[in-house]
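So this block is model-v4.cif, mmCIF, C-alpha atoms and all ligand atoms:
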data_query
loop_
_atom_site.group_PDB
_atom_site.id
_atom_site.type_symbol
_atom_site.label_atom_id
_atom_site.label_comp_id
_atom_site.auth_asym_id
_atom_site.auth_seq_id
_atom_site.Cartn_x
_atom_site.Cartn_y
_atom_site.Cartn_z
ATOM 1 C CA MET A 1 -46.746 -42.489 -27.721
ATOM 2 C CA THR A 2 -50.398 -43.323 -26.914
ATOM 3 C CA GLN A 3 -51.159 -46.960 -26.140
ATOM 4 C CA THR A 4 -54.105 -48.823 -27.647
ATOM 5 C CA LEU A 5 -56.465 -49.774 -24.827
ATOM 6 C CA ILE A 6 -58.273 -53.120 -24.845
ATOM 7 C CA HIS A 7 -61.630 -53.579 -23.084
ATOM 8 C CA ARG A 8 -61.273 -56.115 -20.228
ATOM 9 C CA HIS A 9 -63.996 -55.636 -17.585
ATOM 10 C CA THR A 10 -67.570 -54.332 -17.766
ATOM 11 C CA ARG A 11 -68.731 -51.653 -15.306
ATOM 12 C CA LEU A 12 -71.005 -54.177 -13.589
ATOM 13 C CA SER A 13 -68.234 -56.766 -13.126
ATOM 14 C CA ILE A 14 -65.969 -54.031 -11.696
ATOM 15 C CA PHE A 15 -68.732 -52.961 -9.325
ATOM 16 C CA MET A 16 -69.351 -56.589 -8.240
ATOM 17 C CA HIS A 17 -65.637 -57.133 -7.619
ATOM 18 C CA TRP A 18 -65.294 -54.103 -5.340
ATOM 19 C CA PHE A 19 -68.647 -54.827 -3.675
ATOM 20 C CA ASN A 20 -67.240 -58.310 -2.960
ATOM 21 C CA ALA A 21 -63.910 -56.931 -1.706
ATOM 22 C CA GLY A 22 -65.660 -54.367 0.561
ATOM 23 C CA CYS A 23 -67.992 -57.012 2.032
ATOM 24 C CA TRP A 24 -65.075 -59.435 2.552
ATOM 25 C CA ILE A 25 -63.040 -56.837 4.449
ATOM 26 C CA PHE A 26 -66.021 -55.929 6.668
ATOM 27 C CA LEU A 27 -66.928 -59.583 7.285
ATOM 28 C CA LEU A 28 -63.336 -60.577 8.070
ATOM 29 C CA LEU A 29 -62.879 -57.724 10.539
ATOM 30 C CA THR A 30 -66.229 -58.252 12.288
ATOM 31 C CA GLY A 31 -65.893 -62.077 12.120
ATOM 32 C CA LEU A 32 -62.521 -61.825 13.863
ATOM 33 C CA GLY A 33 -64.185 -59.662 16.521
ATOM 34 C CA LEU A 34 -66.776 -62.385 17.165
ATOM 35 C CA ILE A 35 -64.083 -64.894 18.212
ATOM 36 C CA ARG A 36 -63.949 -64.677 21.996
ATOM 37 C CA ASN A 37 -62.073 -67.959 22.561
ATOM 38 C CA ASP A 38 -58.570 -66.996 23.815
ATOM 39 C CA ASP A 39 -57.066 -70.169 22.305
ATOM 40 C CA LEU A 40 -58.237 -69.139 18.810
ATOM 41 C CA GLN A 41 -58.058 -65.334 18.963
ATOM 42 C CA PRO A 42 -54.720 -63.994 17.580
ATOM 43 C CA PHE A 43 -55.548 -60.372 18.621
ATOM 44 C CA PRO A 44 -57.134 -60.466 22.143
ATOM 45 C CA PHE A 45 -57.816 -56.683 22.186
ATOM 46 C CA TRP A 46 -59.906 -56.833 18.961
ATOM 47 C CA PRO A 47 -63.237 -58.342 20.239
ATOM 48 C CA THR A 48 -63.375 -55.842 23.120
ATOM 49 C CA MET A 49 -62.546 -52.905 20.852
ATOM 50 C CA LEU A 50 -65.201 -53.870 18.257
ATOM 51 C CA ARG A 51 -67.839 -54.390 20.926
ATOM 52 C CA THR A 52 -67.197 -50.835 22.112
ATOM 53 C CA VAL A 53 -67.440 -49.498 18.527
ATOM 54 C CA PHE A 54 -70.678 -51.388 17.736
ATOM 55 C CA GLY A 55 -72.251 -50.904 21.170
ATOM 56 C CA GLY A 56 -72.179 -54.562 22.296
ATOM 57 C CA GLY A 57 -71.711 -58.113 21.020
ATOM 58 C CA GLY A 58 -75.337 -58.386 19.847
ATOM 59 C CA ASN A 59 -74.971 -55.409 17.506
ATOM 60 C CA LEU A 60 -71.621 -56.715 16.242
ATOM 61 C CA LEU A 61 -73.186 -60.068 15.350
ATOM 62 C CA LEU A 62 -76.175 -58.330 13.738
ATOM 63 C CA ALA A 63 -73.892 -56.155 11.575
ATOM 64 C CA HIS A 64 -71.891 -59.248 10.516
ATOM 65 C CA GLU A 65 -75.095 -61.090 9.594
ATOM 66 C CA LEU A 66 -76.653 -58.136 7.731
ATOM 67 C CA ILE A 67 -73.552 -57.563 5.560
ATOM 68 C CA GLY A 68 -73.226 -61.338 5.045
ATOM 69 C CA ILE A 69 -76.842 -61.502 3.787
ATOM 70 C CA THR A 70 -76.320 -58.395 1.593
ATOM 71 C CA TRP A 71 -73.147 -59.967 0.114
ATOM 72 C CA ALA A 72 -74.712 -63.375 -0.580
ATOM 73 C CA GLY A 73 -77.973 -61.788 -1.799
ATOM 74 C CA GLY A 74 -76.092 -59.398 -4.100
ATOM 75 C CA PHE A 75 -74.256 -62.289 -5.737
ATOM 76 C CA LEU A 76 -77.411 -64.400 -5.987
ATOM 77 C CA LEU A 77 -79.140 -61.541 -7.803
ATOM 78 C CA TYR A 78 -76.112 -60.915 -10.050
ATOM 79 C CA GLY A 79 -75.876 -64.667 -10.771
ATOM 80 C CA ILE A 80 -79.538 -64.814 -11.821
ATOM 81 C CA ILE A 81 -79.516 -61.623 -13.955
ATOM 82 C CA ARG A 82 -76.127 -62.253 -15.645
ATOM 83 C CA LEU A 83 -76.126 -66.074 -15.693
ATOM 84 C CA LYS A 84 -75.557 -66.476 -19.444
ATOM 85 C CA SER A 85 -73.590 -63.325 -20.208
ATOM 86 C CA ASP A 86 -71.139 -63.294 -17.242
ATOM 87 C CA VAL A 87 -71.415 -66.282 -14.894
ATOM 88 C CA PHE A 88 -71.254 -69.198 -17.380
ATOM 89 C CA PRO A 89 -68.340 -67.703 -19.423
ATOM 90 C CA PHE A 90 -66.449 -66.960 -16.161
ATOM 91 C CA ILE A 91 -66.951 -70.499 -14.793
ATOM 92 C CA ARG A 92 -66.006 -72.001 -18.198
ATOM 93 C CA ASP A 93 -62.855 -69.878 -18.315
ATOM 94 C CA ILE A 94 -61.582 -70.681 -14.804
ATOM 95 C CA PHE A 95 -62.124 -74.424 -15.389
ATOM 96 C CA THR A 96 -60.340 -74.419 -18.773
ATOM 97 C CA VAL A 97 -56.898 -75.857 -18.054
ATOM 98 C CA ASP A 98 -54.154 -77.123 -20.365
ATOM 99 C CA ILE A 99 -52.204 -79.309 -17.928
ATOM 100 C CA ARG A 100 -48.794 -79.199 -19.713
ATOM 101 C CA ARG A 101 -48.875 -75.513 -20.687
ATOM 102 C CA ASP A 102 -50.260 -74.282 -17.369
ATOM 103 C CA PHE A 103 -47.945 -76.445 -15.241
ATOM 104 C CA LEU A 104 -44.977 -75.029 -17.172
ATOM 105 C CA TRP A 105 -46.409 -71.502 -16.642
ATOM 106 C CA LEU A 106 -46.492 -72.065 -12.860
ATOM 107 C CA ILE A 107 -42.863 -73.265 -12.856
ATOM 108 C CA THR A 108 -41.417 -70.594 -15.193
ATOM 109 C CA LYS A 109 -43.475 -67.709 -13.769
ATOM 110 C CA GLY A 110 -42.598 -68.782 -10.206
ATOM 111 C CA ILE A 111 -38.862 -68.784 -11.018
ATOM 112 C CA GLN A 112 -39.087 -65.492 -12.952
ATOM 113 C CA MET A 113 -40.913 -63.758 -10.091
ATOM 114 C CA THR A 114 -38.509 -64.967 -7.403
ATOM 115 C CA LEU A 115 -35.145 -65.116 -9.245
ATOM 116 C CA GLY A 116 -35.655 -62.967 -12.366
ATOM 117 C CA TYR A 117 -35.424 -63.658 -16.129
ATOM 118 C CA LYS A 118 -31.642 -64.192 -16.134
ATOM 119 C CA LEU A 119 -31.668 -66.975 -13.541
ATOM 120 C CA LEU A 120 -34.767 -68.472 -15.178
ATOM 121 C CA GLY A 121 -32.577 -68.963 -18.276
ATOM 122 C CA VAL A 122 -29.821 -70.579 -16.167
ATOM 123 C CA VAL A 123 -32.253 -72.954 -14.370
ATOM 124 C CA ALA A 124 -33.991 -73.842 -17.664
ATOM 125 C CA GLU A 125 -30.656 -74.709 -19.282
ATOM 126 C CA LYS A 126 -29.586 -76.823 -16.294
ATOM 127 C CA PHE A 127 -32.869 -78.770 -16.163
ATOM 128 C CA ASP A 128 -33.357 -78.756 -19.932
ATOM 129 C CA PHE A 129 -36.705 -76.980 -20.375
ATOM 130 C CA ASN A 130 -37.857 -73.987 -22.435
ATOM 131 C CA PRO A 131 -37.483 -70.746 -20.373
ATOM 132 C CA LYS A 132 -40.285 -69.001 -22.323
ATOM 133 C CA ILE A 133 -43.280 -68.375 -20.012
ATOM 134 C CA PRO A 134 -46.211 -70.043 -21.828
ATOM 135 C CA ASP A 135 -49.006 -67.793 -23.160
ATOM 136 C CA GLN A 136 -52.196 -67.516 -21.109
ATOM 137 C CA GLY A 137 -55.863 -66.746 -21.768
ATOM 138 C CA PHE A 138 -58.151 -64.162 -20.110
ATOM 139 C CA TYR A 139 -56.983 -65.447 -16.706
ATOM 140 C CA ASN A 140 -53.628 -67.090 -16.062
ATOM 141 C CA ILE A 141 -53.552 -70.403 -14.189
ATOM 142 C CA GLY A 142 -52.504 -68.651 -10.945
ATOM 143 C CA GLN A 143 -55.641 -66.506 -11.093
ATOM 144 C CA LYS A 144 -57.739 -69.594 -11.874
ATOM 145 C CA ILE A 145 -56.282 -71.477 -8.884
ATOM 146 C CA PHE A 146 -57.510 -68.616 -6.668
ATOM 147 C CA ALA A 147 -60.799 -67.967 -8.484
ATOM 148 C CA ILE A 148 -62.123 -71.549 -8.142
ATOM 149 C CA PRO A 149 -61.920 -71.732 -4.311
ATOM 150 C CA ALA A 150 -62.960 -68.062 -4.050
ATOM 151 C CA VAL A 151 -66.232 -68.743 -5.937
ATOM 152 C CA PHE A 152 -67.080 -72.145 -4.453
ATOM 153 C CA GLY A 153 -65.662 -71.265 -1.024
ATOM 154 C CA GLY A 154 -67.902 -68.185 -1.089
ATOM 155 C CA MET A 155 -70.943 -70.429 -1.615
ATOM 156 C CA VAL A 156 -69.916 -72.705 1.287
ATOM 157 C CA ILE A 157 -69.328 -69.683 3.553
ATOM 158 C CA ALA A 158 -72.770 -68.249 2.684
ATOM 159 C CA ALA A 159 -74.565 -71.601 3.167
ATOM 160 C CA SER A 160 -72.877 -72.326 6.532
ATOM 161 C CA GLY A 161 -73.604 -68.740 7.630
ATOM 162 C CA ILE A 162 -77.308 -69.209 6.843
ATOM 163 C CA VAL A 163 -77.404 -72.405 8.962
ATOM 164 C CA MET A 164 -75.887 -70.426 11.857
ATOM 165 C CA ILE A 165 -78.462 -67.630 11.457
ATOM 166 C CA LEU A 166 -81.271 -70.222 11.433
ATOM 167 C CA SER A 167 -79.894 -71.697 14.660
ATOM 168 C CA GLN A 168 -80.682 -68.408 16.452
ATOM 169 C CA THR A 169 -84.371 -68.891 15.735
ATOM 170 C CA GLY A 170 -84.206 -72.559 16.759
ATOM 171 C CA ASN A 171 -84.751 -73.671 13.157
ATOM 172 C CA ALA A 172 -81.593 -75.711 12.675
ATOM 173 C CA ASP A 173 -80.468 -79.117 13.894
ATOM 174 C CA THR A 174 -77.691 -78.845 16.583
ATOM 175 C CA GLU A 175 -75.411 -81.270 14.725
ATOM 176 C CA TRP A 176 -75.788 -79.222 11.488
ATOM 177 C CA VAL A 177 -74.975 -76.021 13.382
ATOM 178 C CA GLN A 178 -71.808 -77.507 14.885
ATOM 179 C CA TRP A 179 -70.660 -78.649 11.433
ATOM 180 C CA ALA A 180 -71.592 -75.257 9.954
ATOM 181 C CA ILE A 181 -69.390 -73.430 12.509
ATOM 182 C CA VAL A 182 -66.353 -75.635 11.738
ATOM 183 C CA ILE A 183 -66.890 -75.463 7.959
ATOM 184 C CA HIS A 184 -67.437 -71.657 8.068
ATOM 185 C CA PHE A 185 -64.136 -71.103 9.936
ATOM 186 C CA ILE A 186 -62.037 -73.487 7.834
ATOM 187 C CA THR A 187 -63.383 -72.197 4.491
ATOM 188 C CA VAL A 188 -62.848 -68.537 5.440
ATOM 189 C CA GLY A 189 -59.279 -69.451 6.492
ATOM 190 C CA LEU A 190 -58.540 -71.220 3.206
ATOM 191 C CA VAL A 191 -59.965 -68.454 0.984
ATOM 192 C CA PHE A 192 -58.185 -65.841 3.127
ATOM 193 C CA ALA A 193 -54.827 -67.588 2.536
ATOM 194 C CA GLY A 194 -55.424 -67.352 -1.235
ATOM 195 C CA LEU A 195 -56.652 -63.780 -0.834
ATOM 196 C CA LEU A 196 -53.312 -62.662 0.620
ATOM 197 C CA ILE A 197 -51.549 -63.854 -2.551
ATOM 198 C CA HIS A 198 -54.332 -62.409 -4.760
ATOM 199 C CA VAL A 199 -54.054 -58.955 -3.177
ATOM 200 C CA PHE A 200 -50.244 -59.066 -3.330
ATOM 201 C CA MET A 201 -50.271 -60.053 -7.007
ATOM 202 C CA ALA A 202 -53.018 -57.599 -7.898
ATOM 203 C CA SER A 203 -51.977 -54.491 -6.056
ATOM 204 C CA ILE A 204 -48.315 -54.774 -4.999
ATOM 205 C CA ALA A 205 -46.514 -56.792 -7.739
ATOM 206 C CA ALA A 206 -45.192 -54.098 -10.102
ATOM 207 C CA GLY A 207 -45.747 -56.021 -13.380
ATOM 208 C CA GLU A 208 -49.468 -56.440 -12.599
ATOM 209 C CA LYS A 209 -50.214 -52.725 -12.179
ATOM 210 C CA PRO A 210 -52.211 -52.463 -15.444
ATOM 211 C CA ALA A 211 -54.534 -55.268 -14.200
ATOM 212 C CA PHE A 212 -55.120 -53.304 -10.994
ATOM 213 C CA ILE A 213 -55.873 -50.098 -12.935
ATOM 214 C CA SER A 214 -58.231 -52.082 -15.199
ATOM 215 C CA MET A 215 -60.320 -52.895 -12.110
ATOM 216 C CA PHE A 216 -61.287 -49.174 -12.161
ATOM 217 C CA THR A 217 -61.083 -48.203 -15.839
ATOM 218 C CA GLY A 218 -62.145 -51.503 -17.438
ATOM 219 C CA THR A 219 -59.297 -51.424 -19.969
ATOM 220 C CA VAL A 220 -55.663 -52.605 -20.250
ATOM 221 C CA PRO A 221 -52.889 -51.435 -22.617
ATOM 222 C CA GLU A 222 -52.464 -53.745 -25.633
ATOM 223 C CA ASP A 223 -48.803 -54.417 -24.736
ATOM 224 C CA TYR A 224 -49.816 -55.645 -21.285
ATOM 225 C CA ALA A 225 -52.516 -57.892 -22.795
ATOM 226 C CA ARG A 226 -49.991 -59.342 -25.291
ATOM 227 C CA HIS A 227 -47.412 -60.005 -22.598
ATOM 228 C CA HIS A 228 -49.733 -61.439 -19.910
ATOM 229 C CA HIS A 229 -52.818 -62.777 -21.712
ATOM 230 C CA LYS A 230 -51.786 -63.366 -25.345
ATOM 231 C CA LEU A 231 -54.298 -66.168 -26.041
ATOM 232 C CA TRP A 232 -57.119 -63.853 -24.928
ATOM 233 C CA LEU A 233 -55.781 -60.925 -26.987
ATOM 234 C CA ASP A 234 -55.611 -63.158 -30.097
ATOM 235 C CA GLU A 235 -59.248 -64.197 -29.568
ATOM 236 C CA PHE A 236 -60.247 -60.580 -28.874
ATOM 237 C CA LYS A 237 -58.647 -59.401 -32.135
ATOM 238 C CA LYS A 238 -60.426 -62.131 -34.129
ATOM 239 C CA SER A 239 -63.869 -61.196 -32.737
HETATM 240 C C1 LIG A 301 -59.206 -55.600 -1.568
HETATM 241 C C2 LIG A 301 -58.311 -56.139 -2.242
HETATM 242 C C3 LIG A 301 -58.415 -56.670 -3.648
HETATM 243 C C4 LIG A 301 -57.698 -56.237 -4.708
HETATM 244 C C5 LIG A 301 -56.682 -55.116 -4.731
HETATM 245 C C6 LIG A 301 -58.091 -57.042 -5.855
HETATM 246 C C7 LIG A 301 -57.630 -56.889 -7.131
HETATM 247 C C8 LIG A 301 -58.055 -57.576 -8.253
HETATM 248 C C9 LIG A 301 -57.686 -57.300 -9.610
HETATM 249 C C10 LIG A 301 -56.747 -56.192 -10.038
HETATM 250 C C11 LIG A 301 -58.306 -58.201 -10.417
HETATM 251 C C12 LIG A 301 -58.283 -58.243 -11.949
HETATM 252 C C13 LIG A 301 -57.235 -59.170 -12.483
HETATM 253 C C14 LIG A 301 -57.222 -59.126 -13.991
HETATM 254 O O1 LIG A 301 -57.931 -58.345 -14.627
HETATM 255 O O2 LIG A 301 -56.470 -59.916 -14.554
HETATM 256 C C15 LIG A 301 -59.068 -59.069 -9.572
HETATM 257 C C16 LIG A 301 -59.827 -60.144 -9.999
HETATM 258 C C17 LIG A 301 -60.452 -61.025 -9.163
HETATM 259 N N1 LIG A 301 -60.629 -60.881 -7.801
HETATM 260 FE FE1 LIG A 301 -59.812 -59.422 -6.637
HETATM 261 N N2 LIG A 301 -59.016 -57.959 -5.447
HETATM 262 C C18 LIG A 301 -59.256 -57.772 -4.112
HETATM 263 C C19 LIG A 301 -60.146 -58.492 -3.327
HETATM 264 C C20 LIG A 301 -60.784 -59.639 -3.750
HETATM 265 C C21 LIG A 301 -61.590 -60.480 -2.888
HETATM 266 C C22 LIG A 301 -61.898 -60.210 -1.427
HETATM 267 C C23 LIG A 301 -61.977 -61.551 -3.650
HETATM 268 C C24 LIG A 301 -62.793 -62.762 -3.247
HETATM 269 C C25 LIG A 301 -62.672 -63.380 -2.122
HETATM 270 C C26 LIG A 301 -61.478 -61.346 -4.984
HETATM 271 C C27 LIG A 301 -61.699 -62.197 -6.032
HETATM 272 C C28 LIG A 301 -61.314 -61.978 -7.334
HETATM 273 C C29 LIG A 301 -61.567 -62.888 -8.417
HETATM 274 C C30 LIG A 301 -62.292 -64.235 -8.300
HETATM 275 C C31 LIG A 301 -61.027 -62.290 -9.567
HETATM 276 C C32 LIG A 301 -61.005 -62.879 -10.967
HETATM 277 C C33 LIG A 301 -59.892 -63.888 -11.080
HETATM 278 C C34 LIG A 301 -58.570 -63.398 -10.600
HETATM 279 O O3 LIG A 301 -58.060 -62.380 -11.118
HETATM 280 O O4 LIG A 301 -58.009 -64.027 -9.667
HETATM 281 N N3 LIG A 301 -60.751 -60.182 -5.001
HETATM 282 N N4 LIG A 301 -58.911 -58.669 -8.253
#
How would this structure read if it were set down as structure tokens?
Ligand code: HEM
Amino acid sequence: MTQTLIHRHTRLSIFMHWFNAGCWIFLLLTGLGLIRNDDLQPFPFWPTMLRTVFGGGGNLLLAHELIGITWAGGFLLYGIIRLKSDVFPFIRDIFTVDIRRDFLWLITKGIQMTLGYKLLGVVAEKFDFNPKIPDQGFYNIGQKIFAIPAVFGGMVIAASGIVMILSQTGNADTEWVQWAIVIHFITVGLVFAGLLIHVFMASIAAGEKPAFISMFTGTVPEDYARHHHKLWLDEFKKS
């Protein structure tokens, strides 16, 4: 039986997502190679290996900066061109939270993913709550909890990176540069922690496979949309 497919992502938003993912991977790998402090470096062979690949530390830093500027510049351009059509609706969506419904989603979904539907029923009966996983909109609350720090963390990472680049030309205050280094490291670490869960949920968790495929095709099967994003599907059908 053929499934009805529902439009979920535009070609441009798919392109921006994979452009973002590609830049992040490159920046993480090269950024890790720039850490020469033995107390901080978890993989001591990595900086030496990357310096050999790039032909020296100067080239490695230059490549990191160039991709960083391309990444931030690409998003700045996208943000300006698609402010009303993409950026504002996205920001509105990720900040739309129904505390009771979404908190219950986190609890029930967490139990279902770790223990399964059967034990979710047992736990719900014991603690006297409804085992039905509450309906969600275009993004579920788990995705929103990642998307907010990913977007705003990205801005902090770009801004602190620019301060560090300016420091090379002597155009930045030493105190600002020291703060920028600390903030850059901590923010990358925090977003990276969320990214591990995001990538697991998006590409390894079996039930989320249609969302992963939609990041290439732009569409999801109607059944998937009803099961995972019913509030969005209802709105979609009305429009
Ligand atoms: C390379 C590995 C990655 C994979 C496999 C992946 C996969 C996905 C998928 C399948 C979606 C669509 C979810 C849906 O339609 O419901 C998505 C959305 C999204 N991705 Fe990724 N992604 C990756 C990397 C990244 C990176 C590096 C970032 C940013 C740091 C990122 C940020 C987002 C955001 C903000 C969304 C929208 C909200 C959300 O679904 O959490 N992704 N990703």
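Distance check against Gln168 in chain A using all atoms listed in the file: of A:Val199, A:Ile213, A:Val123, A:Leu61, the minimum falls on A:Leu61.
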Counting only C-alpha atoms and all ligand atoms, which residues in chain A sit no more than 7 Å from ligand LIG 301 (chain A)? For each one, give the nearest pair of atoms and the distance in Å, sorted by chain then residue number, as a tab-separated table.
residue	atom	partner	partner_atom	distance
A:Arg8	CA	A:LIG301	O1	6.9
A:His17	CA	A:LIG301	N1	6.3
A:Asn20	CA	A:LIG301	C22	5.9
A:Ala21	CA	A:LIG301	C22	3.9
A:Gly22	CA	A:LIG301	C1	6.9
A:Trp24	CA	A:LIG301	C22	5.2
A:Ile25	CA	A:LIG301	C22	6.9
A:Tyr139	CA	A:LIG301	O2	6.0
A:Gln143	CA	A:LIG301	O4	3.7
A:Lys144	CA	A:LIG301	O4	6.0
A:Phe146	CA	A:LIG301	O4	5.5
A:Ala147	CA	A:LIG301	C30	4.0
A:Ala150	CA	A:LIG301	C25	5.1
A:Val151	CA	A:LIG301	C30	6.4
A:Val191	CA	A:LIG301	C25	6.5
A:Leu195	CA	A:LIG301	C25	6.2
A:His198	CA	A:LIG301	O4	6.3
A:Val199	CA	A:LIG301	C4	4.8
A:Ala202	CA	A:LIG301	C10	4.5
A:Ser203	CA	A:LIG301	C5	4.9
A:Ala211	CA	A:LIG301	O1	4.6
A:Phe212	CA	A:LIG301	C10	3.4
A:Ile213	CA	A:LIG301	C10	6.8
A:Ser214	CA	A:LIG301	O1	6.3
A:Met215	CA	A:LIG301	C10	5.3
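Take CA of Thr30 in chain A and CA of Gly73 in chain A: the distance between them is 18.7 Å.
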Using the chain letters and numbering of this document, enumerate as a PyMOL selection string the residues selected by the PyMOL selection byres (((chain A and resi 111) around 12) and not hetatm). chain A and resi 104-110+112-124+131-133
Discussion item. I'd like the residues picked by the PyMOL selection byres (((chain A and resi 161) around 9) and not hetatm) written out as a PyMOL selection string, using the chain letters and numbers from the file.
Written reply: chain A and resi 65+68-69+156-160+162-166+180-181+184
Could you name the residues that touch Pro149 in chain A at 9 Å or less, counting all atoms listed in the file, but leaving out those on the same chain fewer than 3 positions away, as a VMD selection string? chain A and resid 144 to 146 152 to 154 187 190 to 191 194
Residue members of the PyMOL selection byres (((chain A and resi 9) around 8) and not hetatm) in the file shown, as a PDB file with C-alpha atoms, keeping the file's coordinate frame:
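Okay, expr.pdb is ready:
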ATOM      1  CA  HIS A   7     -61.630 -53.579 -23.084  1.00  0.00           C
ATOM      2  CA  ARG A   8     -61.273 -56.115 -20.228  1.00  0.00           C
ATOM      3  CA  THR A  10     -67.570 -54.332 -17.766  1.00  0.00           C
ATOM      4  CA  ARG A  11     -68.731 -51.653 -15.306  1.00  0.00           C
ATOM      5  CA  SER A  13     -68.234 -56.766 -13.126  1.00  0.00           C
ATOM      6  CA  ILE A  14     -65.969 -54.031 -11.696  1.00  0.00           C
ATOM      7  CA  SER A 214     -58.231 -52.082 -15.199  1.00  0.00           C
ATOM      8  CA  MET A 215     -60.320 -52.895 -12.110  1.00  0.00           C
ATOM      9  CA  GLY A 218     -62.145 -51.503 -17.438  1.00  0.00           C
ATOM     10  CA  THR A 219     -59.297 -51.424 -19.969  1.00  0.00           C
TER      11      THR A 219
END
In Å and to one decimal, CA of Pro210 in chain A is distant from CA of Asp93 in chain A by 20.6 Å
Shortest contact to Gly56 in chain A, candidates A:Leu34, A:Ile141, A:Ala205, A:Leu12, atoms counted all atoms listed in the file, goes to A:Leu34
Counting only C-alpha atoms, closest pick from A:Thr4, A:Asn59, A:Ser85, A:Ser167 relative to Arg226 in chain A is A:Thr4
Nearest to Leu233 in chain A, restricted to all atoms listed in the file and choosing among A:Gly189, A:Pro42, A:Pro221, A:Gly137, comes out as A:Gly137
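Relative to CA of Lys230 in chain A, CA of Met16 in chain A is found at 25.4 Å.
Look at Trp232 in chain A: the protein and nucleic acid residues within 8 Å of it, using all atoms listed in the file and passing over chain neighbours fewer than 4 places away, are Gln136, Gly137, Phe138, Ala225 and Phe236 of chain A.
Of the residues under consideration (A:Ile148, A:Asn37, A:Lys238, A:Asn171), A:Ile148 shows the shortest atom-to-atom contact distance to Phe90 in chain A when counting only C-alpha atoms.
Ranking A:Leu29, A:Arg82, A:Asn130, A:Lys237 by their shortest atom-to-atom distance to Trp46 in chain A, with only C-alpha atoms included, puts A:Leu29 first.
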Give the centre and edge lengths of an axis-aligned box, in Å to one decimal, that holds all listed atoms of range 140-153 of chain A with 5 Å on each side, as lines of an AutoDock Vina configuration file.
center_x = -59.8
center_y = -69.3
center_z = -8.5
size_x = 24.6
size_y = 15.6
size_z = 25.0
